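Participant: Just so it is clear, I am handing over upload.txt, which has compact mmCIF, C-alpha atoms and all ligand atoms.
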# COMPACT_ATOMS: atom_id res chain seq x y z
CA MET A 1 -39.64 -28.48 51.61
CA THR A 2 -37.45 -29.81 54.44
CA PRO A 3 -34.74 -32.12 53.09
CA THR A 4 -35.00 -35.76 54.16
CA ASP A 5 -32.24 -36.89 56.51
CA PHE A 6 -32.86 -40.64 56.36
CA THR A 7 -34.66 -42.95 53.95
CA ILE A 8 -35.98 -46.15 55.54
CA ILE A 9 -36.75 -49.23 53.46
CA GLY A 10 -39.40 -51.48 55.08
CA GLY A 11 -42.37 -50.58 57.28
CA GLY A 12 -42.20 -53.51 59.71
CA ILE A 13 -41.41 -53.26 63.42
CA ALA A 14 -37.79 -52.16 62.79
CA GLY A 15 -38.68 -49.55 60.16
CA LEU A 16 -41.56 -48.02 62.12
CA ALA A 17 -39.69 -47.95 65.44
CA THR A 18 -36.71 -46.31 63.70
CA ALA A 19 -38.93 -43.68 62.08
CA VAL A 20 -40.34 -42.83 65.53
CA ALA A 21 -36.90 -42.82 67.20
CA LEU A 22 -35.39 -40.56 64.51
CA GLN A 23 -38.38 -38.24 64.61
CA GLN A 24 -37.79 -37.86 68.34
CA LYS A 25 -34.22 -36.75 67.61
CA GLY A 26 -35.51 -34.09 65.21
CA PHE A 27 -34.62 -35.89 61.95
CA ASN A 28 -36.83 -35.96 58.85
CA THR A 29 -37.43 -39.43 57.51
CA GLU A 30 -39.23 -41.05 54.64
CA LEU A 31 -40.22 -44.71 54.51
CA PHE A 32 -40.77 -47.01 51.53
CA GLU A 33 -42.79 -50.19 52.06
CA ALA A 34 -43.30 -52.97 49.50
CA ALA A 35 -46.83 -53.92 50.58
CA PRO A 36 -49.83 -51.87 49.40
CA GLU A 37 -50.39 -50.73 52.99
CA ILE A 38 -48.53 -50.69 56.31
CA ARG A 39 -49.94 -53.82 57.85
CA ALA A 40 -48.62 -56.46 60.22
CA VAL A 41 -48.33 -59.98 58.86
CA GLY A 42 -48.49 -62.71 61.47
CA ALA A 43 -50.31 -63.46 64.67
CA GLY A 44 -49.21 -62.51 68.18
CA ILE A 45 -45.85 -61.54 69.55
CA SER A 46 -44.30 -61.31 72.98
CA LEU A 47 -42.29 -58.26 73.96
CA ALA A 48 -39.77 -58.77 76.74
CA PRO A 49 -38.70 -56.08 79.26
CA ASN A 50 -35.74 -55.01 77.09
CA ALA A 51 -38.19 -54.08 74.29
CA LEU A 52 -40.41 -52.19 76.71
CA LEU A 53 -37.41 -50.25 78.06
CA ALA A 54 -36.47 -49.36 74.48
CA LEU A 55 -40.05 -48.33 73.67
CA ARG A 56 -40.05 -46.18 76.82
CA LYS A 57 -36.97 -44.34 75.54
CA ILE A 58 -38.80 -43.35 72.31
CA GLY A 59 -42.08 -42.47 74.02
CA CYS A 60 -44.01 -45.53 72.75
CA GLU A 61 -44.31 -47.64 75.90
CA THR A 62 -47.77 -46.40 76.85
CA ALA A 63 -49.20 -46.76 73.33
CA VAL A 64 -47.92 -50.35 73.13
CA ALA A 65 -48.90 -51.22 76.71
CA GLU A 66 -52.48 -50.03 76.06
CA LYS A 67 -52.83 -52.55 73.25
CA GLY A 68 -50.85 -55.29 74.96
CA HIS A 69 -51.35 -57.71 77.80
CA ILE A 70 -48.95 -58.25 80.72
CA LEU A 71 -47.76 -61.84 81.12
CA PRO A 72 -47.65 -62.73 84.85
CA ALA A 73 -45.74 -65.97 84.23
CA MET A 74 -44.08 -67.96 81.46
CA ASN A 75 -43.93 -71.72 82.01
CA ILE A 76 -42.46 -74.65 80.14
CA ARG A 77 -44.52 -77.81 80.48
CA SER A 78 -44.24 -81.42 79.40
CA SER A 79 -46.95 -82.96 77.23
CA ASN A 80 -48.91 -84.14 80.31
CA GLY A 81 -48.97 -80.58 81.65
CA ALA A 82 -46.34 -80.90 84.39
CA VAL A 83 -44.32 -77.71 84.83
CA ILE A 84 -40.66 -78.18 83.86
CA MET A 85 -39.52 -74.58 84.24
CA GLN A 86 -41.17 -71.44 85.62
CA THR A 87 -40.48 -67.78 85.04
CA ASN A 88 -42.24 -65.29 87.28
CA GLY A 89 -43.17 -62.26 85.15
CA GLN A 90 -44.03 -60.06 88.11
CA ARG A 91 -40.66 -60.59 89.74
CA ILE A 92 -38.92 -59.89 86.46
CA ALA A 93 -40.91 -56.67 86.04
CA ARG A 94 -39.84 -55.52 89.51
CA LYS A 95 -36.22 -56.47 88.93
CA TYR A 96 -35.75 -54.93 85.49
CA GLY A 97 -38.26 -52.08 85.65
CA ALA A 98 -40.51 -53.20 82.80
CA ALA A 99 -43.09 -55.94 82.30
CA HIS A 100 -43.21 -58.77 79.76
CA TYR A 101 -46.07 -58.13 77.31
CA ALA A 102 -47.93 -60.10 74.67
CA ILE A 103 -49.60 -58.17 71.86
CA HIS A 104 -51.34 -58.79 68.56
CA ARG A 105 -48.91 -57.80 65.81
CA ALA A 106 -51.53 -55.50 64.31
CA GLY A 107 -51.78 -53.70 67.68
CA LEU A 108 -48.00 -53.19 67.81
CA HIS A 109 -48.01 -51.74 64.27
CA GLU A 110 -50.91 -49.42 65.10
CA ALA A 111 -49.21 -48.26 68.30
CA LEU A 112 -45.96 -47.41 66.47
CA LEU A 113 -47.76 -45.74 63.56
CA SER A 114 -49.84 -43.65 65.96
CA GLN A 115 -46.62 -42.06 67.28
CA LEU A 116 -45.47 -40.87 63.86
CA ARG A 117 -46.25 -37.20 63.15
CA SER A 118 -46.99 -36.44 59.46
CA PRO A 119 -45.09 -39.51 58.29
CA ALA A 120 -43.79 -39.56 54.71
CA VAL A 121 -44.76 -43.18 54.01
CA PHE A 122 -44.84 -44.55 50.48
CA THR A 123 -46.45 -47.96 50.01
CA GLY A 124 -46.32 -50.35 47.05
CA LYS A 125 -42.60 -49.55 46.67
CA ARG A 126 -40.42 -52.68 46.63
CA ALA A 127 -36.73 -51.82 46.70
CA ILE A 128 -34.65 -54.16 44.54
CA GLY A 129 -31.22 -52.53 44.54
CA ALA A 130 -29.14 -49.52 45.45
CA ARG A 131 -26.00 -47.79 44.18
CA VAL A 132 -23.82 -45.09 45.69
CA GLU A 133 -23.48 -42.03 43.41
CA GLY A 134 -21.18 -39.35 44.82
CA ALA A 135 -22.61 -38.31 48.18
CA ALA A 136 -26.01 -39.90 47.49
CA VAL A 137 -27.52 -43.41 47.39
CA VAL A 138 -29.89 -44.18 44.54
CA VAL A 139 -32.54 -46.80 45.37
CA GLN A 140 -34.08 -48.80 42.55
CA PHE A 141 -37.67 -50.02 42.90
CA GLN A 142 -39.40 -52.93 41.24
CA ASP A 143 -41.80 -50.54 39.45
CA GLY A 144 -38.84 -49.13 37.50
CA SER A 145 -38.59 -45.88 39.47
CA GLU A 146 -35.50 -44.62 41.27
CA HIS A 147 -35.10 -42.43 44.34
CA GLU A 148 -32.12 -40.45 45.55
CA ALA A 149 -31.39 -40.62 49.27
CA ARG A 150 -28.79 -39.06 51.55
CA ALA A 151 -28.55 -42.19 53.71
CA LEU A 152 -30.37 -45.50 53.64
CA ILE A 153 -31.63 -47.56 56.59
CA LEU A 154 -32.45 -51.07 55.42
CA ALA A 155 -35.26 -52.53 57.53
CA ASP A 156 -36.76 -54.78 54.88
CA GLY A 157 -36.57 -58.10 56.68
CA ILE A 158 -34.73 -61.39 56.33
CA HIS A 159 -34.89 -61.49 52.51
CA SER A 160 -33.59 -57.91 52.02
CA PRO A 161 -32.54 -57.68 48.33
CA ILE A 162 -30.12 -54.82 49.00
CA ARG A 163 -28.40 -56.86 51.76
CA ARG A 164 -28.01 -59.66 49.23
CA GLN A 165 -26.48 -57.18 46.81
CA LEU A 166 -24.11 -55.84 49.48
CA LEU A 167 -23.28 -59.28 50.90
CA PRO A 168 -23.86 -61.88 48.16
CA GLY A 169 -22.65 -64.59 50.57
CA SER A 170 -25.39 -63.93 53.16
CA THR A 171 -27.74 -66.87 53.40
CA THR A 172 -30.79 -67.95 55.36
CA ARG A 173 -30.79 -71.36 57.06
CA TYR A 174 -33.63 -73.73 57.84
CA ALA A 175 -33.85 -74.56 61.55
CA GLY A 176 -35.31 -78.06 60.95
CA TYR A 177 -38.84 -77.39 62.18
CA THR A 178 -42.00 -76.01 60.70
CA CYS A 179 -44.54 -73.80 62.45
CA TRP A 180 -48.28 -73.08 62.50
CA ARG A 181 -49.80 -70.16 64.39
CA ALA A 182 -53.09 -68.37 64.87
CA VAL A 183 -54.89 -65.82 67.00
CA ILE A 184 -58.31 -67.04 68.10
CA GLN A 185 -61.21 -65.96 70.28
CA TYR A 186 -61.23 -68.79 72.80
CA ASP A 187 -64.45 -69.95 74.35
CA GLY A 188 -63.16 -71.50 77.58
CA PRO A 189 -61.09 -70.64 80.65
CA ILE A 190 -58.25 -68.40 79.47
CA PRO A 191 -54.86 -69.40 80.92
CA GLU A 192 -53.19 -66.51 82.79
CA GLU A 193 -49.67 -67.67 82.02
CA ALA A 194 -47.92 -67.99 78.70
CA SER A 195 -46.68 -71.54 78.23
CA GLU A 196 -44.65 -73.69 75.92
CA THR A 197 -45.20 -77.45 75.99
CA TRP A 198 -42.28 -79.66 74.96
CA GLY A 199 -43.21 -83.20 74.02
CA PRO A 200 -42.55 -86.10 71.63
CA ARG A 201 -44.93 -84.69 68.99
CA GLY A 202 -43.37 -81.23 68.94
CA ARG A 203 -43.83 -77.92 70.73
CA PHE A 204 -47.04 -76.06 71.45
CA GLY A 205 -47.17 -72.48 72.75
CA ILE A 206 -50.10 -70.61 74.28
CA VAL A 207 -49.96 -66.85 74.81
CA PRO A 208 -52.95 -64.94 76.25
CA LEU A 209 -53.43 -61.60 74.47
CA GLY A 210 -56.08 -60.15 76.80
CA GLY A 211 -59.85 -60.60 76.83
CA ASN A 212 -60.71 -63.92 75.22
CA LEU A 213 -57.91 -63.70 72.62
CA ILE A 214 -55.27 -66.39 72.52
CA TYR A 215 -52.21 -66.56 70.31
CA TRP A 216 -50.94 -70.09 69.83
CA PHE A 217 -48.13 -71.69 67.87
CA ALA A 218 -47.08 -75.25 67.14
CA CYS A 219 -43.62 -76.37 65.95
CA LYS A 220 -42.87 -79.79 64.52
CA SER A 221 -39.59 -81.20 63.21
CA ALA A 222 -39.93 -81.67 59.46
CA PRO A 223 -38.06 -81.59 56.15
CA GLU A 224 -37.84 -78.12 54.62
CA ASN A 225 -40.85 -76.89 52.63
CA ASP A 226 -42.61 -80.22 53.07
CA THR A 227 -45.88 -80.46 51.09
CA HIS A 228 -47.47 -82.81 53.64
CA TYR A 229 -47.11 -80.29 56.49
CA LYS A 230 -47.68 -77.26 54.27
CA ASN A 231 -51.19 -78.58 53.60
CA PHE A 232 -51.93 -79.40 57.26
CA THR A 233 -55.43 -78.39 58.36
CA VAL A 234 -56.78 -77.71 61.83
CA GLU A 235 -58.11 -81.28 61.85
CA ASP A 236 -54.62 -82.64 61.08
CA LEU A 237 -53.13 -80.54 63.89
CA TYR A 238 -55.82 -81.71 66.27
CA ALA A 239 -55.04 -85.35 65.43
CA HIS A 240 -51.34 -84.63 65.92
CA PHE A 241 -51.59 -82.85 69.30
CA GLN A 242 -54.72 -84.43 70.80
CA SER A 243 -52.68 -86.39 73.36
CA TYR A 244 -51.23 -83.14 74.79
CA HIS A 245 -52.62 -81.60 77.99
CA SER A 246 -55.68 -79.37 78.10
CA PRO A 247 -56.41 -76.79 76.74
CA ILE A 248 -54.17 -77.59 73.72
CA PRO A 249 -56.64 -79.88 71.88
CA GLU A 250 -59.54 -77.50 72.69
CA ILE A 251 -57.61 -74.48 71.38
CA ILE A 252 -56.79 -76.23 68.12
CA ARG A 253 -60.42 -77.35 67.75
CA GLN A 254 -61.63 -73.75 68.09
CA THR A 255 -59.34 -72.52 65.30
CA ALA A 256 -60.62 -71.95 61.77
CA ASP A 257 -58.53 -73.21 58.87
CA ALA A 258 -58.67 -69.70 57.38
CA ASP A 259 -56.87 -68.30 60.45
CA LEU A 260 -54.00 -70.78 60.30
CA LEU A 261 -50.60 -69.36 59.30
CA TRP A 262 -47.83 -71.72 58.28
CA ASN A 263 -44.14 -71.20 57.69
CA ASP A 264 -40.84 -73.02 58.03
CA ILE A 265 -38.58 -71.53 60.72
CA ILE A 266 -35.47 -69.91 59.25
CA ASP A 267 -32.89 -67.40 60.38
CA LEU A 268 -30.08 -65.43 58.81
CA ASN A 269 -26.64 -67.01 59.07
CA PRO A 270 -24.89 -64.41 61.28
CA ILE A 271 -23.17 -61.71 59.21
CA ASN A 272 -20.28 -59.55 60.43
CA GLN A 273 -21.14 -56.27 58.75
CA TYR A 274 -24.20 -54.05 59.23
CA ALA A 275 -22.73 -50.71 58.03
CA PHE A 276 -21.88 -50.02 54.38
CA GLY A 277 -20.91 -46.33 54.01
CA PRO A 278 -24.21 -44.45 53.69
CA MET A 279 -26.27 -47.64 54.19
CA VAL A 280 -27.02 -49.65 57.32
CA LEU A 281 -28.88 -52.91 57.99
CA ILE A 282 -31.21 -53.18 61.00
CA GLY A 283 -33.79 -55.64 62.36
CA ASP A 284 -34.29 -58.94 60.57
CA ALA A 285 -32.42 -57.62 57.52
CA ALA A 286 -29.30 -57.63 59.74
CA HIS A 287 -29.85 -60.40 62.28
CA ALA A 288 -33.04 -62.44 61.77
CA THR A 289 -33.25 -65.06 64.51
CA THR A 290 -35.32 -68.15 65.18
CA PRO A 291 -38.25 -67.29 67.49
CA ASN A 292 -37.16 -69.53 70.39
CA MET A 293 -36.15 -66.66 72.69
CA GLY A 294 -38.94 -64.33 71.51
CA GLN A 295 -36.28 -61.69 70.83
CA GLY A 296 -36.38 -60.89 67.07
CA ALA A 297 -38.70 -57.90 67.33
CA CYS A 298 -37.21 -56.92 70.70
CA GLN A 299 -33.76 -56.64 69.08
CA ALA A 300 -35.26 -54.72 66.13
CA ILE A 301 -36.72 -52.17 68.57
CA GLU A 302 -33.39 -51.95 70.43
CA ASP A 303 -31.69 -51.29 67.05
CA ALA A 304 -34.03 -48.37 66.41
CA VAL A 305 -33.26 -46.74 69.75
CA VAL A 306 -29.50 -47.31 69.60
CA LEU A 307 -29.27 -46.09 65.99
CA ALA A 308 -31.20 -42.88 66.69
CA GLU A 309 -29.11 -42.19 69.80
CA ILE A 310 -25.84 -42.60 67.87
CA LEU A 311 -27.05 -40.52 64.91
CA GLY A 312 -28.19 -37.81 67.30
CA ASN A 313 -24.64 -37.55 68.65
CA ASN A 314 -22.69 -37.84 65.41
CA LYS A 315 -22.97 -35.63 62.33
CA ASP A 316 -20.94 -38.05 60.20
CA THR A 317 -23.56 -40.58 59.11
CA ALA A 318 -21.14 -43.23 57.81
CA ALA A 319 -19.16 -43.08 61.06
CA ALA A 320 -22.40 -43.30 63.06
CA PHE A 321 -23.49 -46.38 61.07
CA GLN A 322 -20.08 -47.95 61.85
CA GLN A 323 -20.54 -47.16 65.53
CA PHE A 324 -24.00 -48.76 65.41
CA GLU A 325 -22.47 -51.91 63.92
CA GLN A 326 -19.83 -52.07 66.64
CA ASN A 327 -22.47 -51.53 69.31
CA ARG A 328 -24.93 -54.15 68.02
CA LEU A 329 -22.92 -57.03 66.49
CA LYS A 330 -22.07 -58.91 69.68
CA ARG A 331 -25.50 -58.69 71.30
CA THR A 332 -27.47 -59.61 68.19
CA HIS A 333 -25.11 -62.51 67.38
CA TYR A 334 -25.61 -63.76 70.93
CA VAL A 335 -29.38 -63.83 70.44
CA VAL A 336 -29.20 -65.53 67.03
CA ASN A 337 -26.77 -68.23 68.20
CA ARG A 338 -28.40 -68.89 71.55
CA SER A 339 -31.87 -69.03 70.03
CA TRP A 340 -30.64 -71.49 67.39
CA ALA A 341 -29.20 -73.74 70.09
CA MET A 342 -32.31 -73.46 72.26
CA GLY A 343 -34.45 -74.53 69.30
CA LYS A 344 -32.43 -77.75 68.95
CA VAL A 345 -33.07 -78.59 72.61
CA ALA A 346 -36.73 -77.57 72.72
CA GLN A 347 -37.53 -79.36 69.47
CA ALA A 348 -35.99 -82.74 70.39
CA GLU A 349 -38.85 -85.12 69.63
CA HIS A 350 -37.16 -88.44 70.37
CA PRO A 351 -39.17 -89.77 73.36
CA LEU A 352 -36.12 -90.80 75.42
CA LEU A 353 -34.11 -87.68 74.70
CA GLY A 354 -37.17 -85.54 75.34
CA ALA A 355 -37.85 -87.21 78.70
CA LEU A 356 -34.21 -86.75 79.70
CA ARG A 357 -34.28 -83.10 78.66
CA ASN A 358 -37.47 -82.45 80.61
CA THR A 359 -36.02 -84.08 83.73
CA LEU A 360 -32.82 -82.04 83.43
CA PHE A 361 -34.75 -78.81 83.01
CA ARG A 362 -36.85 -79.60 86.06
CA LEU A 363 -33.65 -80.01 88.09
CA LEU A 364 -31.90 -76.89 86.81
CA PRO A 365 -31.38 -74.18 89.45
CA ALA A 366 -33.34 -70.96 88.90
CA SER A 367 -30.00 -69.15 88.55
CA PHE A 368 -29.54 -70.88 85.15
CA SER A 369 -32.38 -69.03 83.43
CA GLU A 370 -31.85 -65.91 85.59
CA LYS A 371 -28.40 -65.48 84.06
CA GLN A 372 -29.79 -65.47 80.53
CA LEU A 373 -32.57 -63.05 81.44
CA LYS A 374 -30.04 -60.71 83.04
CA VAL A 375 -28.01 -60.55 79.82
CA LEU A 376 -31.12 -59.69 77.85
CA TYR A 377 -33.05 -57.43 80.20
CA GLU A 378 -30.38 -55.53 82.10
CA ILE A 379 -29.84 -52.87 79.48
CA GLU A 380 -29.59 -49.08 79.53
CA PHE A 381 -30.37 -46.87 76.55
C1 LIG B 401 -43.16 -67.66 64.17
C2 LIG B 401 -42.47 -66.42 64.67
C3 LIG B 401 -42.71 -65.95 65.94
C4 LIG B 401 -42.04 -64.83 66.44
N1 LIG B 401 -42.28 -64.41 67.70
C5 LIG B 401 -41.61 -63.36 68.21
C6 LIG B 401 -41.83 -62.91 69.55
O1 LIG B 401 -42.67 -63.45 70.28
N2 LIG B 401 -41.10 -61.84 70.02
C7 LIG B 401 -40.18 -61.19 69.25
O2 LIG B 401 -39.55 -60.23 69.73
N3 LIG B 401 -39.97 -61.58 67.95
C8 LIG B 401 -40.64 -62.62 67.42
N4 LIG B 401 -40.44 -63.02 66.12
C9 LIG B 401 -39.48 -62.26 65.29
C10 LIG B 401 -40.10 -61.00 64.71
O3 LIG B 401 -41.28 -61.30 64.02
C11 LIG B 401 -39.14 -60.31 63.77
O4 LIG B 401 -37.85 -60.26 64.35
C12 LIG B 401 -39.58 -58.90 63.43
O5 LIG B 401 -40.81 -58.94 62.75
C13 LIG B 401 -38.53 -58.20 62.60
O6 LIG B 401 -39.03 -56.95 62.18
P1 LIG B 401 -38.41 -56.25 60.88
O7 LIG B 401 -39.14 -54.97 60.75
O8 LIG B 401 -36.93 -56.25 60.98
O9 LIG B 401 -38.74 -57.23 59.68
P2 LIG B 401 -40.14 -57.64 59.07
O10 LIG B 401 -41.14 -57.86 60.14
O11 LIG B 401 -39.88 -58.76 58.12
O12 LIG B 401 -40.60 -56.36 58.25
C14 LIG B 401 -40.00 -56.01 57.02
C15 LIG B 401 -40.90 -55.03 56.31
O13 LIG B 401 -40.28 -54.64 55.08
C16 LIG B 401 -41.15 -54.86 53.99
N5 LIG B 401 -40.31 -55.24 52.86
C17 LIG B 401 -39.79 -56.46 52.58
N6 LIG B 401 -39.03 -56.41 51.48
C18 LIG B 401 -39.08 -55.12 51.05
C19 LIG B 401 -38.48 -54.45 49.96
N7 LIG B 401 -37.69 -55.10 49.11
N8 LIG B 401 -38.74 -53.13 49.79
C20 LIG B 401 -39.55 -52.46 50.66
N9 LIG B 401 -40.13 -53.06 51.72
C21 LIG B 401 -39.89 -54.37 51.93
C22 LIG B 401 -42.10 -55.95 54.44
O14 LIG B 401 -43.31 -55.90 53.72
C23 LIG B 401 -42.27 -55.62 55.91
O15 LIG B 401 -43.26 -54.66 56.13
C24 LIG B 401 -41.11 -64.14 65.61
C25 LIG B 401 -40.89 -64.58 64.31
C26 LIG B 401 -41.55 -65.70 63.83
C27 LIG B 401 -41.27 -66.16 62.43
Render the structure in this file as structure tokens.
Ligand SMILES: Cc1cc2nc3c(=O)[nH]c(=O)nc-3n(C[C@H](O)[C@H](O)[C@H](O)COP(=O)(O)OP(=O)(O)OC[C@H]3O[C@@H](n4cnc5c(N)ncnc54)[C@H](O)[C@@H]3O)c2cc1C
Facilitator:
Amino acid sequence: MTPTDFTIIGGGIAGLATAVALQQKGFNTELFEAAPEIRAVGAGISLAPNALLALRKIGCETAVAEKGHILPAMNIRSSNGAVIMQTNGQRIARKYGAAHYAIHRAGLHEALLSQLRSPAVFTGKRAIGARVEGAAVVVQFQDGSEHEARALILADGIHSPIRRQLLPGSTTRYAGYTCWRAVIQYDGPIPEEASETWGPRGRFGIVPLGGNLIYWFACKSAPENDTHYKNFTVEDLYAHFQSYHSPIPEIIRQTADADLLWNDIIDLNPINQYAFGPMVLIGDAAHATTPNMGQGACQAIEDAVVLAEILGNNKDTAAAFQQFEQNRLKRTHYVVNRSWAMGKVAQAEHPLLGALRNTLFRLLPASFSEKQLKVLYEIEF
């Protein structure tokens, strides 16, 4: 048997992309996933050019693009439908060399899995702790079993138990708004653009996924874990957003309660350490962000590519993990902090403040958003 070079904990976007990236560098990996099968949880997701460039580097761009849908434009609107800010997807694609895609999460998972040759994937294995023993790391699982690894890549999401063990002070924080989402088959004219509507009753996002599929999300300021909102039905959401421009009320009306996903929006308070000797944190386990910039998964995919590149050039794993940390801390902190701040602005539901914000955004020069996009999309791997 070939010895395993790297053991990955978590089969989400970060774990799968890392398995593919390491495979491409000739490493043997094994992956342990808590769920009974490798399956995406959630609705749709948008993948910005930086994610597509990273996927290109690991040979996954075509597989993802085949299941995804190119977004020709991304607009911010006010509740009456007036455009407050426009982003031209085609121009961005020309400028940065990759398009902005939307994809069903299940499609992204399938695309990544399809690129794995003979993957050693073990499901139903929830890691609960790890200890360093000599040159090895021993992982403890909830089922009572243990597994010896040479090096551990922790890709087990925002609630990573081993991160909590390594950094007992690491905490999640509630962003102050709660979120519903769904993917539906929409019987009506499908908008070409992706849009986010900012109004006094909260935010509503519409993302076409191709064909008649639409991914939508709604965010509303609320106390944390609030029972009233937790139990919201489609009918409640319709009543809440019915004054918003078309097709928002129609989209909500065509959603089944069974397809509604709800969760409070949280992130991980930025941490300053990703590397711990033979262990490294990646993806949401290291830098979970609020979804306001649509960059959480994009950064997880970047992590995978950067980590594999560094490991491919460095035989000392602990030193390579350190180098990864140095390479990724600043950029991922930028995303987490900026996204947090953007959420505060976008979620302002006070009518006067909201009107002022919308007016200001309408007056902002295009160079304002261009600068942010440049930081995110102008990247070489
Ligand atoms: C509402 C919302 C919308 C978003 N929209 C976007 C978007 O449009 N674009 C974008 O780029 N990002 C978006 N994100 C962020 C994105 O979903 C995450 O950043 C991304 O899923 C992180 O991937 P991950 O693999 O690091 O973590 P996860 O997706 O959390 O995957 C972790 C995996 O590890 C497994 N696991 C958990 N614990 C254990 C354990 N103890 N042992 C073993 N396995 C374990 C889980 O079952 C899961 O499979 C959004 C997030 C939210 C909440």
Participant: Considering all atoms listed in the file, state which residue in the set A:Gln273, A:Thr332, A:Thr359, A:Ser118 is at the smallest distance from ligand LIG 401 (chain B).
Facilitator: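 For ligand LIG 401 (chain B), the nearest of the given residues is A:Thr332.
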Participant: Quick one: of A:Leu31, A:Pro208, A:Phe321, A:Leu112, who's nearest to A:Arg56, counting all atoms listed in the file?
Facilitator: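 Among A:Leu31, A:Pro208, A:Phe321, A:Leu112, it is A:Leu112 that comes nearest to A:Arg56.
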Participant: Of the residues A:Gly188, A:Gly211, A:Gly97, A:Pro36, which is the one nearest to ligand LIG 401 (chain B), using all atoms listed in the file?
Facilitator: A:Pro36
Participant: So that I can see what lies close to A:Ile58, please list as a PyMOL selection string the residues with an atom at most 8 Å from it, counting only C-alpha atoms and leaving out residues fewer than 2 positions away in the same chain.
Facilitator: chain A and resi 20-21+24+54-56+60-61+305
Participant: Would you output that residue set with C-alpha atoms, as a tab-separated table (two decimals), in the coordinates of the input?
Facilitator:
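As written to disk, again-v3.tsv reads:
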chain	number	residue	atom	x	y	z
A	20	VAL	CA	-40.34	-42.83	65.53
A	21	ALA	CA	-36.90	-42.82	67.20
A	24	GLN	CA	-37.79	-37.86	68.34
A	54	ALA	CA	-36.47	-49.36	74.48
A	55	LEU	CA	-40.05	-48.33	73.67
A	56	ARG	CA	-40.05	-46.18	76.82
A	60	CYS	CA	-44.01	-45.53	72.75
A	61	GLU	CA	-44.31	-47.64	75.90
A	305	VAL	CA	-33.26	-46.74	69.75
Participant: List all protein, DNA and RNA residues that have an atom no more than 7 Å from any atom of ligand LIG 401 (chain B), counting all atoms listed in the file, and report them as an MDAnalysis selection string.
Facilitator: chainID A and resid 9:15 32:35 38:40 44:47 125:128 155:161 179 265 282:285 288:291 294:300
Participant: From the list A:Tyr377, A:Phe204, A:Phe241, A:Tyr174, which residue is nearest A:Pro223 when using only C-alpha atoms?
Facilitator: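 So, comparing all the options, the nearest one is A:Tyr174.
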Participant: Quick one: distance from atom CA of A:Ala130 to atom CA of A:Asp5 in Å, one decimal?
Facilitator: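 Between atom CA of A:Ala130 and atom CA of A:Asp5 the gap works out to 17.1 Å.
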Participant: Just the number, please: distance in Å from atom CA of A:Met293 to atom CA of A:Ser339, one decimal.
Facilitator: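 About the pair atom CA of A:Met293 and atom CA of A:Ser339: they are 5.6 Å apart.
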Participant: For A:Ala355, which residue out of A:Glu30, A:Pro200, A:His240, A:Ala63 is the nearest one, using all atoms listed in the file?
Facilitator: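 Among the listed residues, A:Pro200 lies closest to A:Ala355.
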Participant: For atom CA of A:Ala194 and atom CA of A:Met74, quote the distance in Å rounded to one decimal.
Facilitator: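 Computing it gives 4.7 Å between the two atoms.
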Participant: Find the residue from A:Asp259, A:Glu133, A:Glu193, A:Asp226 that sits nearest to A:Ala102; use only C-alpha atoms when measuring.
Facilitator: A:Glu193
Participant: Excluding same-chain residues fewer than 2 positions from A:Ala218, what lies within 8 Å of it counting all atoms listed in the file, as a list in words?
Facilitator: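 Here the answer would be Cys179, Trp180, Arg181, Gly202, Arg203, Phe204, Gly205, Trp216 and Lys220 of chain A.
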Participant: Once you count all atoms listed in the file, which residues end up no further than 8 Å from (-54.9, -78.1, 63.2) in the file's frame, shown as number ranges by chain?
Facilitator: A: 232-240, 252-253, 255, 257, 260
Participant: Counting all atoms listed in the file, which residues have an atom no more than 12 Å from (-22.3, -64.8, 67.5) in the file's coordinates? Please list them as a PyMOL selection string.
Facilitator: chain A and resi 268-272+287+289+328-341
Participant: Near A:Ser246, counting only C-alpha atoms, which residues have an atom at most 12 Å away, once you skip same-chain residues fewer than 2 positions from it, shown as a PyMOL selection string?
Facilitator: chain A and resi 77-82+188-191+195+197+204+206+241-244+248-253
Participant: So that I can see what lies close to stretch 48-50 of chain A, please list as a list in words the residues with an atom at most 6 Å from it, counting all atoms listed in the file and leaving out residues fewer than 5 positions away in the same chain.
Facilitator: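 Listed by chain and then number, they are Ala98, Ala99, His100 and Tyr377 of chain A.
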Participant: Would you pick out the contacts of A:His147 at 10 Å or less, using only C-alpha atoms, so that residues sharing its chain but fewer than 3 positions from it are not included, and give the list as a list in words?
Facilitator: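 Contacts, with the query itself left out: Thr7, Ala127, Ala130, Ala136, Val137, Val138, Val139, Gln140 and Phe141 of chain A.
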Participant: So that all listed atoms of stretch 178-184 of chain A fit with 8 Å spare on each side, what axis-aligned box centre and edge lengths in Å, to one decimal, would you give as lines of an AutoDock Vina configuration file?
Facilitator:
center_x = -50.2
center_y = -70.9
center_z = 64.4
size_x = 32.3
size_y = 26.2
size_z = 23.4
